[in-house]
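Source file: protein07.tsv. Holds: TSV, C-alpha atoms and all ligand atoms.
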chain	number	residue	atom	x	y	z
A	1	MET	CA	-54.49	19.77	47.67
A	2	LYS	CA	-56.70	16.88	48.79
A	3	LYS	CA	-56.60	15.55	45.24
A	4	MET	CA	-52.81	15.76	45.20
A	5	ILE	CA	-52.57	13.81	48.45
A	6	LYS	CA	-54.90	11.18	46.96
A	7	ILE	CA	-52.74	10.92	43.85
A	8	ILE	CA	-49.54	10.64	45.91
A	9	GLY	CA	-51.26	8.02	48.07
A	10	LEU	CA	-52.27	6.03	45.01
A	11	GLY	CA	-48.72	6.27	43.63
A	12	LEU	CA	-47.24	4.93	46.87
A	13	TRP	CA	-49.78	2.13	46.96
A	14	LEU	CA	-49.02	1.12	43.37
A	15	SER	CA	-45.25	1.13	44.06
A	16	ALA	CA	-45.84	-1.04	47.11
A	17	VAL	CA	-47.94	-3.47	45.07
A	18	VAL	CA	-45.29	-3.75	42.34
A	19	LEU	CA	-42.44	-4.14	44.83
A	20	SER	CA	-44.16	-6.62	47.12
A	21	ASN	CA	-45.43	-8.59	44.15
A	22	ALA	CA	-41.93	-8.68	42.68
A	23	SER	CA	-40.43	-9.98	45.89
A	24	ALA	CA	-43.23	-12.41	46.79
A	25	GLN	CA	-43.57	-14.12	43.43
A	26	GLN	CA	-43.98	-17.88	43.85
A	27	PHE	CA	-43.45	-20.60	41.26
A	28	GLY	CA	-44.92	-24.07	41.12
A	29	LYS	CA	-42.08	-25.69	39.21
A	30	PRO	CA	-38.42	-24.75	38.60
A	31	GLU	CA	-39.09	-24.60	34.84
A	32	ASP	CA	-41.84	-22.03	35.46
A	33	ALA	CA	-39.39	-19.80	37.33
A	34	ILE	CA	-36.88	-20.15	34.47
A	35	LYS	CA	-39.55	-19.39	31.86
A	36	TYR	CA	-40.76	-16.39	33.87
A	37	ARG	CA	-37.36	-14.76	34.27
A	38	LYS	CA	-36.46	-15.40	30.61
A	39	SER	CA	-39.77	-13.84	29.54
A	40	VAL	CA	-39.08	-10.75	31.64
A	41	PHE	CA	-35.56	-10.43	30.20
A	42	PHE	CA	-36.97	-10.89	26.68
A	43	VAL	CA	-39.47	-8.05	27.13
A	44	MET	CA	-36.84	-5.89	28.83
A	45	GLY	CA	-34.30	-6.55	26.05
A	46	THR	CA	-36.82	-5.90	23.29
A	47	GLN	CA	-37.96	-2.60	24.80
A	48	PHE	CA	-34.38	-1.59	25.59
A	49	GLY	CA	-33.38	-2.47	22.03
A	50	GLN	CA	-36.06	-0.13	20.75
A	51	ILE	CA	-34.43	2.71	22.68
A	52	GLY	CA	-31.04	1.55	21.39
A	53	SER	CA	-32.19	1.81	17.79
A	54	MET	CA	-33.20	5.42	18.42
A	55	VAL	CA	-30.07	6.55	20.24
A	56	GLN	CA	-27.96	4.88	17.55
A	57	GLY	CA	-29.90	6.67	14.83
A	58	LYS	CA	-31.17	3.46	13.24
A	59	VAL	CA	-34.76	4.61	13.59
A	60	PRO	CA	-36.06	8.17	14.06
A	61	TYR	CA	-36.26	9.39	17.66
A	62	ASP	CA	-39.85	9.27	18.87
A	63	PRO	CA	-39.87	10.79	22.36
A	64	LYS	CA	-43.23	9.26	23.30
A	65	VAL	CA	-42.27	5.72	22.26
A	66	ALA	CA	-38.85	6.08	23.88
A	67	ALA	CA	-40.38	7.30	27.16
A	68	GLU	CA	-42.85	4.41	27.22
A	69	SER	CA	-40.13	1.86	26.49
A	70	ALA	CA	-37.92	3.32	29.21
A	71	SER	CA	-40.78	3.03	31.73
A	72	VAL	CA	-41.38	-0.60	30.75
A	73	VAL	CA	-37.65	-1.34	31.14
A	74	GLU	CA	-37.73	0.26	34.59
A	75	VAL	CA	-40.62	-1.95	35.75
A	76	MET	CA	-39.16	-5.09	34.15
A	77	SER	CA	-35.82	-4.58	35.90
A	78	LYS	CA	-37.52	-5.27	39.24
A	79	LEU	CA	-39.17	-8.55	38.30
A	80	PRO	CA	-36.77	-11.39	37.41
A	81	TRP	CA	-34.86	-11.72	40.68
A	82	PRO	CA	-37.20	-13.86	42.83
A	83	ALA	CA	-37.27	-16.32	39.90
A	84	PHE	CA	-33.59	-17.16	40.55
A	85	ALA	CA	-34.83	-19.43	43.32
A	86	GLU	CA	-32.94	-22.39	44.75
A	87	GLY	CA	-33.14	-25.36	42.40
A	88	THR	CA	-33.51	-23.28	39.25
A	89	ASP	CA	-29.86	-23.55	38.21
A	90	LYS	CA	-30.50	-26.52	35.93
A	91	GLY	CA	-32.55	-26.75	32.75
A	92	GLU	CA	-33.00	-24.40	29.81
A	93	THR	CA	-30.92	-21.64	31.34
A	94	LYS	CA	-27.66	-19.75	30.90
A	95	ALA	CA	-27.67	-18.81	34.58
A	96	LYS	CA	-24.26	-19.52	36.14
A	97	GLY	CA	-23.75	-21.21	39.49
A	98	GLU	CA	-22.14	-17.97	40.71
A	99	ILE	CA	-25.67	-16.57	41.16
A	100	TRP	CA	-26.20	-18.93	44.09
A	101	MET	CA	-22.57	-18.96	45.24
A	102	GLU	CA	-22.20	-15.18	45.39
A	103	PRO	CA	-25.67	-13.88	46.31
A	104	GLY	CA	-24.33	-10.58	47.67
A	105	LYS	CA	-22.54	-9.78	44.44
A	106	PHE	CA	-25.60	-10.85	42.42
A	107	LYS	CA	-27.83	-8.58	44.53
A	108	GLU	CA	-25.43	-5.67	43.93
A	109	ALA	CA	-25.69	-6.22	40.17
A	110	GLN	CA	-29.50	-6.26	40.41
A	111	ASP	CA	-29.55	-3.06	42.44
A	112	LYS	CA	-27.23	-1.39	39.94
A	113	LEU	CA	-29.55	-2.30	37.06
A	114	ILE	CA	-32.64	-1.13	38.96
A	115	ALA	CA	-30.91	2.21	39.74
A	116	GLU	CA	-29.81	2.73	36.13
A	117	THR	CA	-33.21	1.88	34.65
A	118	ALA	CA	-34.82	4.39	37.03
A	119	LYS	CA	-32.48	7.01	35.55
A	120	LEU	CA	-33.35	5.74	32.06
A	121	ALA	CA	-37.06	6.29	32.75
A	122	THR	CA	-36.33	9.80	34.03
A	123	ALA	CA	-34.20	10.53	30.96
A	124	GLY	CA	-37.01	9.26	28.72
A	125	LYS	CA	-39.34	11.85	30.20
A	126	THR	CA	-37.09	14.84	29.43
A	127	GLY	CA	-37.70	14.36	25.71
A	128	LYS	CA	-34.02	15.06	25.02
A	129	ILE	CA	-32.20	12.38	23.08
A	130	GLU	CA	-28.88	13.40	24.66
A	131	ASP	CA	-30.24	12.48	28.11
A	132	LEU	CA	-31.47	9.19	26.74
A	133	LYS	CA	-28.09	8.41	25.16
A	134	THR	CA	-26.27	8.86	28.47
A	135	ALA	CA	-28.77	6.77	30.41
A	136	PHE	CA	-28.88	4.12	27.68
A	137	ALA	CA	-25.10	3.67	27.85
A	138	ALA	CA	-25.13	3.43	31.66
A	139	THR	CA	-27.98	0.89	31.61
A	140	ALA	CA	-26.23	-1.21	28.93
A	141	GLY	CA	-23.18	-1.18	31.21
A	142	ALA	CA	-25.28	-2.58	34.06
A	143	CYS	CA	-26.65	-5.32	31.75
A	144	LYS	CA	-23.15	-6.25	30.62
A	145	ASN	CA	-21.66	-6.15	34.11
A	146	CYS	CA	-24.17	-8.74	35.31
A	147	HIS	CA	-23.94	-10.90	32.16
A	148	ASP	CA	-20.13	-11.04	32.41
A	149	SER	CA	-20.28	-12.55	35.89
A	150	PHE	CA	-23.54	-14.44	35.98
A	151	ARG	CA	-24.62	-15.52	32.48
A	152	SER	CA	-22.82	-18.16	30.46
A	153	LYS	CA	-22.16	-17.49	26.78
A	201	LIG	C1	-28.94	-4.80	25.03
A	201	LIG	C2	-29.28	-6.13	25.38
A	201	LIG	C3	-28.43	-6.53	26.35
A	201	LIG	C4	-27.52	-5.43	26.70
A	201	LIG	C5	-26.09	-5.80	26.63
A	201	LIG	C6	-25.21	-4.62	26.95
A	201	LIG	O1	-29.49	-4.11	24.22
A	201	LIG	O2	-30.26	-6.88	24.89
A	201	LIG	O3	-28.40	-7.70	26.93
A	201	LIG	O4	-27.86	-4.38	25.79
A	201	LIG	O5	-25.78	-6.27	25.35
A	201	LIG	O6	-23.88	-4.95	26.78
Give the structure from this file in structure tokens form.
Amino acid sequence: MKKMIKIIGLGLWLSAVVLSNASAQQFGKPEDAIKYRKSVFFVMGTQFGQIGSMVQGKVPYDPKVAAESASVVEVMSKLPWPAFAEGTDKGETKAKGEIWMEPGKFKEAQDKLIAETAKLATAGKTGKIEDLKTAFAATAGACKNCHDSFRSK
């Protein structure tokens, strides 16, 4: 029992570290913020693509790999947002001005992605490809929803 409380305590502490770190991230230069968020999206997209290949039958389903990828996607989904700081709308970026003109709508799209990737991580842990398929489609919908409004082609 004591051990369980310790483990739960550690889990809460780790979540707090990840969340506070995600929200407190600071950048020296606008181009660093742009590079950071693009790096996060690149890792997220690569790991998500790995799950996509499995649910689309392009590569054999490996439950362990899929579960790990889904967990990485879940963590990544929390990280890019502070990097859309004021003054980072220009440069090597496809970010649309709407991000800064409609912050409420942008925040909603972030929250939707974070919620869907949490479900993706849960689905990854069931070891059932059907669960993964459903969660993959919902997460892809959240990606697309945000890209349609906030990323230029
Ligand atoms: C992916 C990926 C995206 C989304 C998006 C969904 O695999 O890299 O950006 O899915 O294409 O429509």
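Distance annotation: of A:Trp100, A:Val40, A:Thr93, A:Ser69, the residue with the minimal separation from Met54 (chain A) is A:Ser69; atom set is all atoms listed in the file.
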Chain A near ligand LIG 201 (chain A) within 12 Å: what's each residue's closest atom pair and its distance in Å to one decimal, counting all atoms listed in the file, ordered by chain then ascending residue number, as a tab-separated table?
residue	atom	partner	partner_atom	distance
A:Lys38	CA	A:LIG201	O3	11.7
A:Val40	CA	A:LIG201	O2	11.8
A:Phe41	CA	A:LIG201	O2	8.3
A:Phe42	CA	A:LIG201	O2	8.0
A:Val43	CA	A:LIG201	O2	9.6
A:Met44	CA	A:LIG201	O2	7.7
A:Gly45	CA	A:LIG201	O2	4.2
A:Thr46	CA	A:LIG201	O2	6.8
A:Gln47	CA	A:LIG201	O1	8.6
A:Phe48	CA	A:LIG201	O1	5.7
A:Gly49	CA	A:LIG201	O1	4.8
A:Gln50	CA	A:LIG201	O1	8.4
A:Ile51	CA	A:LIG201	O1	8.6
A:Gly52	CA	A:LIG201	O1	6.5
A:Ser53	CA	A:LIG201	O1	9.1
A:Met54	CA	A:LIG201	O1	11.8
A:Val55	CA	A:LIG201	O1	11.4
A:Gln56	CA	A:LIG201	O1	11.3
A:Val73	CA	A:LIG201	O1	11.1
A:Leu113	CA	A:LIG201	C4	11.0
A:Phe136	CA	A:LIG201	O4	8.8
A:Ala137	CA	A:LIG201	C6	8.3
A:Ala138	CA	A:LIG201	C6	9.3
A:Thr139	CA	A:LIG201	C6	7.7
A:Ala140	CA	A:LIG201	C6	4.1
A:Gly141	CA	A:LIG201	C6	5.8
A:Ala142	CA	A:LIG201	C6	7.4
A:Cys143	CA	A:LIG201	C6	5.1
A:Lys144	CA	A:LIG201	O6	4.1
A:Asn145	CA	A:LIG201	O6	7.8
A:Cys146	CA	A:LIG201	O6	9.3
A:His147	CA	A:LIG201	O3	7.6
A:Asp148	CA	A:LIG201	O6	9.1
A:Arg151	CA	A:LIG201	O3	10.3
A:Lys153	CA	A:LIG201	O3	11.6
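Closest to Ala85 (chain A) among A:Pro30, A:Glu116, A:Pro60, A:Ser152 is A:Pro30, based on all atoms listed in the file.
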Inset, instruction - Find the residues with any atom within 12 Å of (-31.1, -3.3, 42.3); use all atoms listed in the file and the coordinates as given in the file, and write the answer as a list in words. - result: Leu19, Glu74, Val75, Met76, Ser77, Lys78, Leu79, Pro80, Trp81, Gly104, Lys105, Phe106, Lys107, Glu108, Ala109, Gln110, Asp111, Lys112, Leu113, Ile114, Ala115, Glu116, Thr117, Ala118, Thr139, Ala142, Cys143 and Cys146 of chain A
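Atom pair CA of Thr122 (chain A) / CA of Lys64 (chain A): separated by 12.8 Å.
Taking CA of Gly28 (chain A) as the reference point, CA of Glu98 (chain A) is found at 23.6 Å.
Distances from A:Gly87, A:Gly57, A:Ala67, A:Ala33 to Gly127 (chain A) were compared using all atoms listed in the file, and the smallest one belongs to A:Ala67.
Each of A:Met101, A:Lys96, A:Ala70, A:Ala83 was checked against Lys119 (chain A) using all atoms listed in the file; the smallest atom-to-atom distance is that of A:Ala70.
Here CA of Val72 (chain A) stands at a distance of 21.8 Å from CA of Gln26 (chain A).
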Legend entry - Among listed residues A:Arg37, A:Lys128, A:Lys29, A:Lys133, nearest Ala95 (chain A) (using all atoms listed in the file): A:Arg37
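Shortest separation to Pro103 (chain A) among A:Asp32, A:Phe27, A:Phe84, A:Val59 occurs at residue A:Phe84, atoms counted being all atoms listed in the file.
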Produce the centre coordinates and the three edge lengths, each in Å to one decimal, of the box along x, y and z that contains all listed atoms of region 83-97 of chain A with 3 Å added on each side, as JSON.
{"center_x": -30.5, "center_y": -21.5, "center_z": 37.3, "size_x": 19.5, "size_y": 16.4, "size_z": 20.9}
Where atoms are missing, can you supply all heavy atoms for region 79-90 of chain A and output the lot as a PDB file, in the coordinates of the input?
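Okay, this is what ended up in rebuild_29.pdb:
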ATOM      1  N   LEU A  79     -38.409  -7.304  38.232  1.00  0.00           N
ATOM      2  CA  LEU A  79     -39.170  -8.550  38.300  1.00  0.00           C
ATOM      3  C   LEU A  79     -38.429  -9.891  38.280  1.00  0.00           C
ATOM      4  O   LEU A  79     -38.916 -10.855  38.872  1.00  0.00           O
ATOM      5  CB  LEU A  79     -40.220  -8.570  37.179  1.00  0.00           C
ATOM      6  CG  LEU A  79     -41.216  -7.395  37.166  1.00  0.00           C
ATOM      7  CD1 LEU A  79     -42.241  -7.613  36.058  1.00  0.00           C
ATOM      8  CD2 LEU A  79     -41.917  -7.225  38.500  1.00  0.00           C
ATOM      9  N   PRO A  80     -37.291 -10.023  37.587  1.00  0.00           N
ATOM     10  CA  PRO A  80     -36.770 -11.390  37.410  1.00  0.00           C
ATOM     11  C   PRO A  80     -36.180 -12.037  38.649  1.00  0.00           C
ATOM     12  O   PRO A  80     -36.080 -13.263  38.709  1.00  0.00           O
ATOM     13  CB  PRO A  80     -35.674 -11.233  36.343  1.00  0.00           C
ATOM     14  CG  PRO A  80     -35.548  -9.795  36.040  1.00  0.00           C
ATOM     15  CD  PRO A  80     -36.474  -9.027  36.898  1.00  0.00           C
ATOM     16  N   TRP A  81     -35.754 -11.243  39.611  1.00  0.00           N
ATOM     17  CA  TRP A  81     -34.860 -11.720  40.680  1.00  0.00           C
ATOM     18  C   TRP A  81     -35.415 -12.827  41.566  1.00  0.00           C
ATOM     19  O   TRP A  81     -34.693 -13.788  41.866  1.00  0.00           O
ATOM     20  CB  TRP A  81     -34.319 -10.517  41.467  1.00  0.00           C
ATOM     21  CG  TRP A  81     -33.974  -9.408  40.523  1.00  0.00           C
ATOM     22  CD1 TRP A  81     -34.519  -8.154  40.465  1.00  0.00           C
ATOM     23  CD2 TRP A  81     -33.037  -9.468  39.412  1.00  0.00           C
ATOM     24  NE1 TRP A  81     -33.986  -7.442  39.397  1.00  0.00           N
ATOM     25  CE2 TRP A  81     -33.087  -8.217  38.749  1.00  0.00           C
ATOM     26  CE3 TRP A  81     -32.178 -10.460  38.928  1.00  0.00           C
ATOM     27  CZ2 TRP A  81     -32.309  -7.940  37.615  1.00  0.00           C
ATOM     28  CZ3 TRP A  81     -31.403 -10.187  37.795  1.00  0.00           C
ATOM     29  CH2 TRP A  81     -31.471  -8.932  37.162  1.00  0.00           C
ATOM     30  N   PRO A  82     -36.686 -12.747  42.006  1.00  0.00           N
ATOM     31  CA  PRO A  82     -37.200 -13.860  42.830  1.00  0.00           C
ATOM     32  C   PRO A  82     -37.245 -15.184  42.049  1.00  0.00           C
ATOM     33  O   PRO A  82     -37.316 -16.252  42.656  1.00  0.00           O
ATOM     34  CB  PRO A  82     -38.618 -13.424  43.192  1.00  0.00           C
ATOM     35  CG  PRO A  82     -38.670 -11.962  42.924  1.00  0.00           C
ATOM     36  CD  PRO A  82     -37.687 -11.697  41.833  1.00  0.00           C
ATOM     37  N   ALA A  83     -37.196 -15.103  40.722  1.00  0.00           N
ATOM     38  CA  ALA A  83     -37.270 -16.320  39.900  1.00  0.00           C
ATOM     39  C   ALA A  83     -35.916 -17.052  39.843  1.00  0.00           C
ATOM     40  O   ALA A  83     -35.829 -18.133  39.276  1.00  0.00           O
ATOM     41  CB  ALA A  83     -37.759 -15.974  38.494  1.00  0.00           C
ATOM     42  N   PHE A  84     -34.871 -16.443  40.416  1.00  0.00           N
ATOM     43  CA  PHE A  84     -33.590 -17.160  40.550  1.00  0.00           C
ATOM     44  C   PHE A  84     -33.604 -17.904  41.884  1.00  0.00           C
ATOM     45  O   PHE A  84     -32.730 -17.727  42.734  1.00  0.00           O
ATOM     46  CB  PHE A  84     -32.406 -16.187  40.462  1.00  0.00           C
ATOM     47  CG  PHE A  84     -32.189 -15.649  39.075  1.00  0.00           C
ATOM     48  CD1 PHE A  84     -32.754 -14.440  38.684  1.00  0.00           C
ATOM     49  CD2 PHE A  84     -31.429 -16.352  38.148  1.00  0.00           C
ATOM     50  CE1 PHE A  84     -32.578 -13.942  37.391  1.00  0.00           C
ATOM     51  CE2 PHE A  84     -31.240 -15.862  36.856  1.00  0.00           C
ATOM     52  CZ  PHE A  84     -31.820 -14.656  36.478  1.00  0.00           C
ATOM     53  N   ALA A  85     -34.644 -18.715  42.062  1.00  0.00           N
ATOM     54  CA  ALA A  85     -34.830 -19.430  43.320  1.00  0.00           C
ATOM     55  C   ALA A  85     -33.895 -20.632  43.381  1.00  0.00           C
ATOM     56  O   ALA A  85     -33.353 -21.061  42.355  1.00  0.00           O
ATOM     57  CB  ALA A  85     -36.285 -19.876  43.424  1.00  0.00           C
ATOM     58  N   GLU A  86     -33.726 -21.163  44.583  1.00  0.00           N
ATOM     59  CA  GLU A  86     -32.940 -22.390  44.750  1.00  0.00           C
ATOM     60  C   GLU A  86     -33.523 -23.480  43.843  1.00  0.00           C
ATOM     61  O   GLU A  86     -34.751 -23.577  43.704  1.00  0.00           O
ATOM     62  CB  GLU A  86     -33.028 -22.873  46.209  1.00  0.00           C
ATOM     63  CG  GLU A  86     -32.283 -22.014  47.221  1.00  0.00           C
ATOM     64  CD  GLU A  86     -30.767 -22.012  47.019  1.00  0.00           C
ATOM     65  OE1 GLU A  86     -30.220 -23.049  46.565  1.00  0.00           O
ATOM     66  OE2 GLU A  86     -30.132 -20.973  47.309  1.00  0.00           O
ATOM     67  N   GLY A  87     -32.677 -24.256  43.229  1.00  0.00           N
ATOM     68  CA  GLY A  87     -33.140 -25.360  42.400  1.00  0.00           C
ATOM     69  C   GLY A  87     -33.484 -24.970  40.967  1.00  0.00           C
ATOM     70  O   GLY A  87     -33.964 -25.796  40.200  1.00  0.00           O
ATOM     71  N   THR A  88     -33.217 -23.705  40.617  1.00  0.00           N
ATOM     72  CA  THR A  88     -33.510 -23.280  39.250  1.00  0.00           C
ATOM     73  C   THR A  88     -32.221 -23.019  38.456  1.00  0.00           C
ATOM     74  O   THR A  88     -32.191 -22.243  37.519  1.00  0.00           O
ATOM     75  CB  THR A  88     -34.396 -22.005  39.215  1.00  0.00           C
ATOM     76  OG1 THR A  88     -33.663 -20.912  39.797  1.00  0.00           O
ATOM     77  CG2 THR A  88     -35.695 -22.197  39.971  1.00  0.00           C
ATOM     78  N   ASP A  89     -31.154 -23.705  38.887  1.00  0.00           N
ATOM     79  CA  ASP A  89     -29.860 -23.550  38.210  1.00  0.00           C
ATOM     80  C   ASP A  89     -29.689 -24.545  37.062  1.00  0.00           C
ATOM     81  O   ASP A  89     -28.754 -24.436  36.282  1.00  0.00           O
ATOM     82  CB  ASP A  89     -28.712 -23.695  39.224  1.00  0.00           C
ATOM     83  CG  ASP A  89     -28.782 -25.007  40.000  1.00  0.00           C
ATOM     84  OD1 ASP A  89     -29.910 -25.530  40.202  1.00  0.00           O
ATOM     85  OD2 ASP A  89     -27.730 -25.521  40.407  1.00  0.00           O
ATOM     86  N   LYS A  90     -30.609 -25.514  36.996  1.00  0.00           N
ATOM     87  CA  LYS A  90     -30.500 -26.520  35.930  1.00  0.00           C
ATOM     88  C   LYS A  90     -31.700 -26.449  34.998  1.00  0.00           C
ATOM     89  O   LYS A  90     -32.790 -26.089  35.423  1.00  0.00           O
ATOM     90  CB  LYS A  90     -30.422 -27.913  36.550  1.00  0.00           C
ATOM     91  CG  LYS A  90     -29.233 -28.033  37.482  1.00  0.00           C
ATOM     92  CD  LYS A  90     -28.624 -29.411  37.534  1.00  0.00           C
ATOM     93  CE  LYS A  90     -27.313 -29.349  38.290  1.00  0.00           C
ATOM     94  NZ  LYS A  90     -27.507 -28.750  39.655  1.00  0.00           N
TER      95      LYS A  90
END
